[in-house]
$ cat data29.txt   # compact mmCIF, C-alpha atoms
# COMPACT_ATOMS: atom_id res chain seq x y z
CA MET A 204 201.00 -100.51 -62.48
CA THR A 205 202.40 -100.77 -66.00
CA ASP A 206 202.45 -103.83 -68.20
CA THR A 207 206.19 -104.22 -67.54
CA HIS A 208 205.77 -104.36 -63.76
CA PRO A 209 206.59 -107.79 -62.24
CA TRP A 210 203.10 -108.02 -60.75
CA SER A 211 201.34 -107.52 -64.09
CA ALA A 212 201.43 -111.22 -64.88
CA ALA A 213 199.52 -111.90 -61.66
CA LEU A 214 196.25 -110.42 -62.88
CA PRO A 215 195.11 -113.07 -65.42
CA HIS A 216 196.09 -115.81 -62.96
CA LEU A 217 194.26 -114.30 -59.97
CA ARG A 218 191.17 -113.40 -62.01
CA ARG A 219 190.67 -117.11 -62.68
CA ASP A 220 190.37 -117.84 -58.95
CA SER A 221 186.71 -118.43 -58.10
CA ARG A 222 186.87 -116.46 -54.84
CA LEU A 223 189.60 -113.89 -55.39
CA GLY A 224 188.81 -113.26 -59.07
CA PRO A 225 185.70 -111.10 -58.44
CA VAL A 226 187.71 -108.96 -55.99
CA VAL A 227 190.50 -108.48 -58.53
CA ARG A 228 188.06 -107.46 -61.24
CA ARG A 229 186.21 -105.07 -58.93
CA ILE A 230 189.31 -103.28 -57.59
CA GLY A 231 191.39 -103.25 -60.76
CA PRO A 232 195.21 -103.30 -61.05
CA PRO A 233 197.25 -102.86 -57.84
CA THR A 234 198.82 -99.51 -57.09
CA LEU A 235 202.33 -99.52 -55.65
CA ARG A 236 204.23 -96.73 -53.98
CA ARG A 237 207.39 -95.41 -55.59
CA ARG A 238 210.41 -97.63 -55.10
CA GLU A 239 212.51 -96.56 -52.10
CA THR A 240 216.13 -97.09 -51.17
CA THR A 241 216.87 -99.98 -48.82
CA PHE A 242 217.63 -97.63 -45.94
CA HIS A 243 214.54 -95.49 -46.50
CA ALA A 244 212.20 -98.48 -46.67
CA LEU A 245 213.61 -100.25 -43.61
CA ALA A 246 214.06 -97.11 -41.51
CA ARG A 247 210.47 -96.07 -42.21
CA ALA A 248 209.26 -99.53 -41.22
CA ILE A 249 211.13 -99.24 -37.91
CA LEU A 250 209.73 -95.76 -37.22
CA PHE A 251 206.16 -96.96 -37.76
CA GLN A 252 206.46 -100.05 -35.57
CA GLN A 253 203.90 -100.23 -32.73
CA VAL A 254 202.61 -96.67 -33.17
CA SER A 255 199.58 -95.23 -34.94
CA GLY A 256 199.94 -94.09 -38.53
CA ALA A 257 199.65 -90.45 -37.45
CA ALA A 258 202.31 -90.83 -34.76
CA GLY A 259 204.63 -92.63 -37.15
CA ALA A 260 204.18 -89.94 -39.78
CA ALA A 261 204.98 -87.21 -37.24
CA ILE A 262 208.17 -88.94 -36.10
CA TYR A 263 209.17 -89.57 -39.71
CA SER A 264 208.65 -85.89 -40.58
CA ARG A 265 210.74 -84.72 -37.62
CA LEU A 266 213.60 -86.99 -38.62
CA VAL A 267 213.56 -85.74 -42.21
CA ALA A 268 213.37 -82.13 -40.98
CA HIS A 269 216.69 -82.67 -39.20
CA PHE A 270 218.27 -82.82 -42.69
CA PRO A 271 216.97 -79.78 -44.62
CA GLY A 272 216.66 -80.15 -48.37
CA GLN A 273 216.63 -83.97 -48.35
CA ARG A 274 213.78 -86.36 -48.93
CA PHE A 275 215.39 -88.78 -46.49
CA PRO A 276 218.84 -88.91 -44.87
CA ARG A 277 221.59 -91.26 -46.02
CA PRO A 278 222.70 -94.12 -43.75
CA GLN A 279 226.02 -92.40 -42.98
CA GLN A 280 224.20 -89.32 -41.75
CA VAL A 281 222.03 -91.26 -39.33
CA ALA A 282 224.94 -93.43 -38.17
CA GLU A 283 226.70 -90.24 -37.07
CA LEU A 284 223.77 -89.11 -34.89
CA SER A 285 223.70 -89.82 -31.18
CA PRO A 286 220.73 -91.61 -29.58
CA GLU A 287 219.94 -88.29 -27.87
CA GLN A 288 219.66 -86.50 -31.22
CA LEU A 289 217.32 -89.18 -32.51
CA ARG A 290 215.25 -89.02 -29.35
CA ALA A 291 214.84 -85.28 -29.92
CA ALA A 292 212.89 -86.24 -33.05
CA GLY A 293 210.51 -88.29 -30.91
CA ILE A 294 212.21 -91.63 -31.59
CA SER A 295 212.28 -93.98 -28.61
CA ARG A 296 215.60 -95.11 -27.18
CA GLN A 297 214.96 -98.63 -28.48
CA LYS A 298 214.13 -97.49 -32.01
CA ALA A 299 217.10 -95.11 -31.99
CA GLY A 300 219.29 -98.14 -31.37
CA TYR A 301 217.60 -99.99 -34.20
CA LEU A 302 218.12 -97.11 -36.65
CA ILE A 303 221.76 -96.68 -35.71
CA ASP A 304 222.38 -100.42 -36.10
CA LEU A 305 220.71 -100.42 -39.54
CA ALA A 306 222.56 -97.29 -40.66
CA SER A 307 225.89 -98.61 -39.40
CA ARG A 308 225.47 -101.95 -41.20
CA LEU A 309 224.66 -100.19 -44.45
CA SER A 310 227.55 -97.73 -43.99
CA ASP A 311 230.18 -100.39 -43.29
CA GLY A 312 228.92 -102.76 -45.98
CA SER A 313 227.90 -105.62 -43.70
CA LEU A 314 224.41 -105.18 -45.21
CA SER A 315 224.69 -104.54 -48.95
CA PRO A 316 221.68 -103.16 -50.86
CA ARG A 317 223.36 -104.16 -54.13
CA ARG A 318 223.58 -107.77 -52.99
CA LEU A 319 219.96 -108.14 -51.84
CA PRO A 320 218.29 -108.25 -55.30
CA GLY A 321 220.40 -111.28 -56.23
CA LEU A 322 219.41 -113.30 -53.16
CA SER A 323 216.48 -115.68 -52.78
CA ASP A 324 213.47 -114.54 -50.74
CA ASP A 325 214.55 -116.69 -47.80
CA ASP A 326 218.10 -115.36 -47.90
CA VAL A 327 216.87 -111.75 -47.99
CA VAL A 328 214.78 -112.45 -44.89
CA ARG A 329 217.81 -113.96 -43.14
CA GLU A 330 220.00 -110.97 -44.05
CA LEU A 331 217.46 -108.41 -42.89
CA THR A 332 216.38 -110.10 -39.67
CA ALA A 333 220.01 -110.05 -38.53
CA VAL A 334 219.50 -106.28 -38.09
CA ARG A 335 218.15 -105.23 -34.69
CA GLY A 336 214.48 -104.29 -34.84
CA ILE A 337 213.75 -105.99 -38.17
CA GLY A 338 211.57 -109.08 -37.95
CA GLU A 339 210.08 -111.47 -40.44
CA TRP A 340 207.09 -109.24 -41.25
CA THR A 341 209.24 -106.18 -42.02
CA ALA A 342 211.53 -108.29 -44.19
CA GLN A 343 208.55 -109.71 -46.09
CA ILE A 344 207.09 -106.24 -46.69
CA PHE A 345 210.50 -105.15 -47.99
CA LEU A 346 210.50 -108.12 -50.38
CA MET A 347 207.07 -107.19 -51.67
CA PHE A 348 207.23 -103.41 -51.98
CA THR A 349 210.92 -102.60 -52.39
CA LEU A 350 212.25 -105.61 -54.29
CA HIS A 351 208.81 -106.29 -55.87
CA ARG A 352 209.07 -110.05 -55.36
CA PRO A 353 205.90 -111.65 -56.75
CA ASP A 354 205.29 -114.62 -54.44
CA VAL A 355 205.45 -113.43 -50.81
CA LEU A 356 202.74 -114.32 -48.30
CA PRO A 357 203.10 -112.57 -44.89
CA VAL A 358 201.10 -115.19 -43.00
CA GLY A 359 201.60 -113.43 -39.65
CA ASP A 360 199.91 -110.22 -40.82
CA LEU A 361 196.62 -109.63 -39.02
CA GLY A 362 195.06 -107.62 -41.85
CA LEU A 363 195.88 -110.34 -44.36
CA ARG A 364 194.39 -112.97 -42.07
CA ARG A 365 191.19 -110.89 -41.79
CA GLY A 366 191.06 -110.63 -45.57
CA VAL A 367 191.33 -114.41 -45.97
CA GLN A 368 188.71 -114.90 -43.26
CA TRP A 369 186.31 -112.66 -45.20
CA LEU A 370 187.12 -114.24 -48.57
CA TYR A 371 186.47 -117.78 -47.34
CA GLU A 372 183.66 -116.86 -44.93
CA LEU A 373 185.47 -118.39 -41.97
CA ASP A 374 184.25 -118.12 -38.39
CA GLU A 375 187.68 -116.96 -37.25
CA ALA A 376 190.96 -115.80 -38.72
CA PRO A 377 192.93 -118.73 -40.18
CA THR A 378 196.12 -120.09 -38.66
CA ARG A 379 199.43 -119.66 -40.47
CA GLU A 380 199.20 -123.26 -41.69
CA ARG A 381 195.68 -122.85 -43.03
CA MET A 382 196.66 -119.57 -44.70
CA GLU A 383 199.43 -121.40 -46.55
CA ARG A 384 196.99 -124.06 -47.76
CA LEU A 385 194.31 -121.61 -48.86
CA ALA A 386 196.84 -119.45 -50.69
CA GLU A 387 198.34 -122.35 -52.65
CA PRO A 388 196.22 -121.66 -55.80
CA TRP A 389 197.60 -118.10 -55.94
CA ARG A 390 201.19 -119.20 -56.44
CA PRO A 391 203.41 -117.80 -57.89
CA TYR A 392 201.63 -114.46 -57.35
CA ARG A 393 200.84 -114.39 -53.64
CA SER A 394 202.24 -110.86 -53.25
CA ALA A 395 199.54 -109.38 -55.48
CA ALA A 396 196.92 -111.61 -53.84
CA SER A 397 198.00 -110.27 -50.46
CA TRP A 398 197.60 -106.70 -51.72
CA TYR A 399 194.01 -107.41 -52.72
CA LEU A 400 193.24 -109.07 -49.40
CA TRP A 401 194.61 -106.08 -47.52
CA ARG A 402 192.18 -103.92 -49.50
CA VAL A 403 189.36 -106.29 -48.57
CA ALA A 404 190.34 -106.12 -44.89
CA ASP A 405 190.29 -102.31 -45.08
CA GLY A 406 186.87 -102.33 -46.72
CA GLY A 407 188.22 -101.28 -50.10
CA GLY A 408 187.17 -104.41 -51.93
CA ILE A 409 183.77 -104.97 -50.39

$ encode --input "data29.txt" --output "structure tokens"
Amino acid sequence: MTDTHPWSAALPHLRRDSRLGPVVRRIGPPTLRRRETTFHALARAILFQQVSGAAGAAIYSRLVAHFPGQRFPRPQQVAELSPEQLRAAGISRQKAGYLIDLASRLSDGSLSPRRLPGLSDDDVVRELTAVRGIGEWTAQIFLMFTLHRPDVLPVGDLGLRRGVQWLYELDEAPTRERMERLAEPWRPYRSAASWYLWRVADGGGI
């Protein structure tokens, strides 16, 4: 993460937190994957829904292999595929429908990637959750890692809840409401705080 990255300003703020600060100092600056196109980010999220990481990676690779020489297909290319062609890549009938709906919306302009960066976080979530197969969590992850919004807290994420449980030494994972209260001191940098808590939940910060 460079000094010009939107999350850079989060570090001094989060280091001052009595509980999260030691984790931030121990782990160091967040690392973020390379920025993806809207279609790539959302399609990948759909492909990985409710499957193991290995299974999702295999399905993803088979879809990309259908388009030789490309890192990832364009929306128009996927919109032109039949559900049967997508199923041949190991994609379920339901997810094939989701991908075609997403690709069609991007192709016909009803979902505009150029418009999304100018919208508020809440409006981006509303736009994205109108697409079949995209829920609140997927929209929030898109906000964090594609649009790099600094103050997103995916309160429904189980890993994040486990991280907060560890950080505050709670007997059980906190409710959504308690998560919101505990995360209040991290505003306006809850995206970076969430990244650190995911690392904690995975054992990377302990």

$ atom_distance --input "data29.txt" --atom1 "atom CA of A:Gly338" --atom2 "atom CA of A:Ala386"
22.1 Å

$ residues_around --input "data29.txt" --residues "A:Ala244" --least-positions-apart "6" --cutoff "9 Å" --atoms "all atoms listed in the file" --output "ChimeraX atom specification"
/A:238,345,348-349

$ residues_around --input "data29.txt" --residues "A:Leu350" --least-positions-apart "3" --cutoff "12 Å" --atoms "all atoms listed in the file" --output "PyMOL selection string"
chain A and resi 208-210+235-241+244+316-324+327-328+342-347+353-355+394

$ write_last_selection --input "data29.txt" --atoms "C-alpha atoms" --output "CSV table (one decimal), in the frame of the given file"
chain,number,residue,atom,x,y,z
A,208,HIS,CA,205.8,-104.4,-63.8
A,209,PRO,CA,206.6,-107.8,-62.2
A,210,TRP,CA,203.1,-108.0,-60.8
A,235,LEU,CA,202.3,-99.5,-55.6
A,236,ARG,CA,204.2,-96.7,-54.0
A,237,ARG,CA,207.4,-95.4,-55.6
A,238,ARG,CA,210.4,-97.6,-55.1
A,239,GLU,CA,212.5,-96.6,-52.1
A,240,THR,CA,216.1,-97.1,-51.2
A,241,THR,CA,216.9,-100.0,-48.8
A,244,ALA,CA,212.2,-98.5,-46.7
A,316,PRO,CA,221.7,-103.2,-50.9
A,317,ARG,CA,223.4,-104.2,-54.1
A,318,ARG,CA,223.6,-107.8,-53.0
A,319,LEU,CA,220.0,-108.1,-51.8
A,320,PRO,CA,218.3,-108.2,-55.3
A,321,GLY,CA,220.4,-111.3,-56.2
A,322,LEU,CA,219.4,-113.3,-53.2
A,323,SER,CA,216.5,-115.7,-52.8
A,324,ASP,CA,213.5,-114.5,-50.7
A,327,VAL,CA,216.9,-111.8,-48.0
A,328,VAL,CA,214.8,-112.4,-44.9
A,342,ALA,CA,211.5,-108.3,-44.2
A,343,GLN,CA,208.6,-109.7,-46.1
A,344,ILE,CA,207.1,-106.2,-46.7
A,345,PHE,CA,210.5,-105.2,-48.0
A,346,LEU,CA,210.5,-108.1,-50.4
A,347,MET,CA,207.1,-107.2,-51.7
A,353,PRO,CA,205.9,-111.6,-56.8
A,354,ASP,CA,205.3,-114.6,-54.4
A,355,VAL,CA,205.4,-113.4,-50.8
A,394,SER,CA,202.2,-110.9,-53.2

$ residues_around --input "data29.txt" --residues "A:Leu356" --least-positions-apart "3" --cutoff "10 Å" --atoms "all atoms listed in the file" --output "list in words"
Trp340, Gln343, Ile344, Met347, Pro353, Gly359, Asp360, Leu363, Met382, Glu383, Ala386, Trp389, Arg390, Tyr392, Arg393, Ser394, Ala395, Ala396, Ser397 and Trp398 of chain A

$ axis_aligned_box --input "data29.txt" --around "stretch 272-287 of chain A" --padding-each-side "3 Å" --output "AutoDock Vina command-line options"
--center_x 220.2 --center_y -87.1 --center_z -38.4 --size_x 18.9 --size_y 20.0 --size_z 27.1

$ closest_residue --input "data29.txt" --among "A:Leu385, A:Ala261, A:Ala292, A:Val334" --to "A:Ser313" --atoms "all atoms listed in the file"
A:Val334

$ closest_residue --input "data29.txt" --among "A:Pro271, A:Ile303, A:Gly336, A:Tyr263" --to "A:Pro286" --atoms "only C-alpha atoms"
A:Ile303

$ closest_residue --input "data29.txt" --among "A:Arg335, A:Ala376, A:Ala258, A:Asp405" --to "A:Gln297" --atoms "all atoms listed in the file"
A:Arg335

$ closest_residue --input "data29.txt" --among "A:Arg247, A:Ser307, A:Leu331, A:Gly312" --to "A:Ile294" --atoms "only C-alpha atoms"
A:Arg247

$ atom_distance --input "data29.txt" --atom1 "atom CA of A:Ala306" --atom2 "atom CA of A:Thr234"
29.0 Å

$ closest_residue --input "data29.txt" --among "A:Arg364, A:Arg329, A:Arg219, A:Arg381" --to "A:Trp401" --atoms "all atoms listed in the file"
A:Arg364

$ atom_distance --input "data29.txt" --atom1 "atom CA of A:Leu214" --atom2 "atom CA of A:Leu370"
17.4 Å

$ closest_residue --input "data29.txt" --among "A:Gly362, A:Gly224, A:Pro377, A:Gly256" --to "A:Leu400" --atoms "all atoms listed in the file"
A:Gly362

$ residues_around --input "data29.txt" --residues "A:Gly293" --least-positions-apart "5" --cutoff "10 Å" --atoms "only C-alpha atoms" --output "PyMOL selection string"
chain A and resi 250+258-259+261-263+265-266+287-288+298-299

$ write_last_selection --input "data29.txt" --atoms "C-alpha atoms" --output "compact mmCIF listing (two decimals), in the frame of the given file"
# COMPACT_ATOMS: atom_id res chain seq x y z
CA LEU A 250 209.73 -95.76 -37.22
CA ALA A 258 202.31 -90.83 -34.76
CA GLY A 259 204.63 -92.63 -37.15
CA ALA A 261 204.98 -87.21 -37.24
CA ILE A 262 208.17 -88.94 -36.10
CA TYR A 263 209.17 -89.57 -39.71
CA ARG A 265 210.74 -84.72 -37.62
CA LEU A 266 213.60 -86.99 -38.62
CA GLU A 287 219.94 -88.29 -27.87
CA GLN A 288 219.66 -86.50 -31.22
CA LYS A 298 214.13 -97.49 -32.01
CA ALA A 299 217.10 -95.11 -31.99

$ decode --input "data29.txt" --residues "stretch 266-277 of chain A" --atoms "all heavy atoms" --output "compact mmCIF listing (two decimals), in the first residue's frame"
# COMPACT_ATOMS: atom_id res chain seq x y z
N LEU A 266 -13.79 -21.06 -16.65
CA LEU A 266 -14.48 -19.99 -17.37
C LEU A 266 -13.49 -19.16 -18.18
O LEU A 266 -13.72 -18.87 -19.36
CB LEU A 266 -15.24 -19.09 -16.40
CG LEU A 266 -15.94 -17.86 -17.02
CD1 LEU A 266 -16.98 -18.30 -18.04
CD2 LEU A 266 -16.57 -16.99 -15.94
N VAL A 267 -12.37 -18.79 -17.56
CA VAL A 267 -11.35 -18.00 -18.26
C VAL A 267 -10.79 -18.79 -19.45
O VAL A 267 -10.54 -18.22 -20.52
CB VAL A 267 -10.24 -17.58 -17.29
CG1 VAL A 267 -9.09 -16.90 -18.04
CG2 VAL A 267 -10.79 -16.63 -16.22
N ALA A 268 -10.61 -20.09 -19.27
CA ALA A 268 -10.05 -20.93 -20.34
C ALA A 268 -10.96 -20.98 -21.57
O ALA A 268 -10.50 -21.30 -22.67
CB ALA A 268 -9.80 -22.34 -19.82
N HIS A 269 -12.23 -20.67 -21.39
CA HIS A 269 -13.17 -20.64 -22.52
C HIS A 269 -12.87 -19.48 -23.46
O HIS A 269 -13.35 -19.45 -24.60
CB HIS A 269 -14.60 -20.51 -21.97
CG HIS A 269 -15.67 -20.79 -22.98
ND1 HIS A 269 -16.07 -22.06 -23.31
CD2 HIS A 269 -16.42 -19.96 -23.74
CE1 HIS A 269 -17.02 -22.01 -24.22
NE2 HIS A 269 -17.26 -20.74 -24.51
N PHE A 270 -12.05 -18.52 -22.99
CA PHE A 270 -11.71 -17.33 -23.78
C PHE A 270 -10.19 -17.23 -23.85
O PHE A 270 -9.58 -16.45 -23.10
CB PHE A 270 -12.30 -16.07 -23.16
CG PHE A 270 -13.80 -16.13 -23.00
CD1 PHE A 270 -14.37 -16.63 -21.84
CD2 PHE A 270 -14.63 -15.70 -24.02
CE1 PHE A 270 -15.76 -16.69 -21.70
CE2 PHE A 270 -16.01 -15.76 -23.89
CZ PHE A 270 -16.57 -16.26 -22.73
N PRO A 271 -9.54 -18.00 -24.72
CA PRO A 271 -8.07 -18.04 -24.77
C PRO A 271 -7.47 -16.65 -24.98
O PRO A 271 -7.98 -15.83 -25.72
CB PRO A 271 -7.79 -18.95 -25.97
CG PRO A 271 -9.02 -19.78 -26.12
CD PRO A 271 -10.16 -18.89 -25.72
N GLY A 272 -6.37 -16.42 -24.27
CA GLY A 272 -5.63 -15.17 -24.44
C GLY A 272 -6.16 -14.01 -23.63
O GLY A 272 -5.64 -12.90 -23.72
N GLN A 273 -7.21 -14.24 -22.80
CA GLN A 273 -7.77 -13.16 -22.00
C GLN A 273 -7.63 -13.46 -20.52
O GLN A 273 -7.75 -14.62 -20.10
CB GLN A 273 -9.27 -12.98 -22.33
CG GLN A 273 -9.53 -12.50 -23.75
CD GLN A 273 -11.01 -12.26 -23.99
OE1 GLN A 273 -11.59 -12.77 -24.92
NE2 GLN A 273 -11.61 -11.47 -23.12
N ARG A 274 -7.39 -12.40 -19.76
CA ARG A 274 -7.34 -12.58 -18.31
C ARG A 274 -8.72 -12.86 -17.75
O ARG A 274 -8.89 -13.67 -16.84
CB ARG A 274 -6.75 -11.32 -17.65
CG ARG A 274 -6.42 -11.49 -16.18
CD ARG A 274 -5.63 -10.32 -15.67
NE ARG A 274 -6.44 -9.11 -15.59
CZ ARG A 274 -7.13 -8.76 -14.50
NH1 ARG A 274 -7.08 -9.51 -13.42
NH2 ARG A 274 -7.84 -7.65 -14.50
N PHE A 275 -9.73 -12.20 -18.32
CA PHE A 275 -11.11 -12.46 -17.93
C PHE A 275 -12.00 -11.94 -19.05
O PHE A 275 -11.70 -10.92 -19.67
CB PHE A 275 -11.45 -11.73 -16.61
CG PHE A 275 -12.67 -12.31 -15.93
CD1 PHE A 275 -12.57 -13.49 -15.21
CD2 PHE A 275 -13.90 -11.68 -16.03
CE1 PHE A 275 -13.70 -14.03 -14.58
CE2 PHE A 275 -15.02 -12.22 -15.42
CZ PHE A 275 -14.93 -13.39 -14.69
N PRO A 276 -13.10 -12.66 -19.35
CA PRO A 276 -13.95 -12.22 -20.47
C PRO A 276 -14.65 -10.90 -20.20
O PRO A 276 -14.82 -10.48 -19.05
CB PRO A 276 -14.97 -13.36 -20.59
CG PRO A 276 -14.99 -14.00 -19.24
CD PRO A 276 -13.58 -13.89 -18.72
N ARG A 277 -15.08 -10.24 -21.27
CA ARG A 277 -15.85 -9.01 -21.16
C ARG A 277 -17.33 -9.36 -20.94
O ARG A 277 -17.78 -10.47 -21.29
CB ARG A 277 -15.70 -8.17 -22.42
CG ARG A 277 -14.27 -7.69 -22.65
CD ARG A 277 -14.19 -6.74 -23.84
NE ARG A 277 -14.66 -7.37 -25.09
CZ ARG A 277 -13.91 -8.14 -25.86
NH1 ARG A 277 -12.65 -8.40 -25.52
NH2 ARG A 277 -14.41 -8.66 -26.95
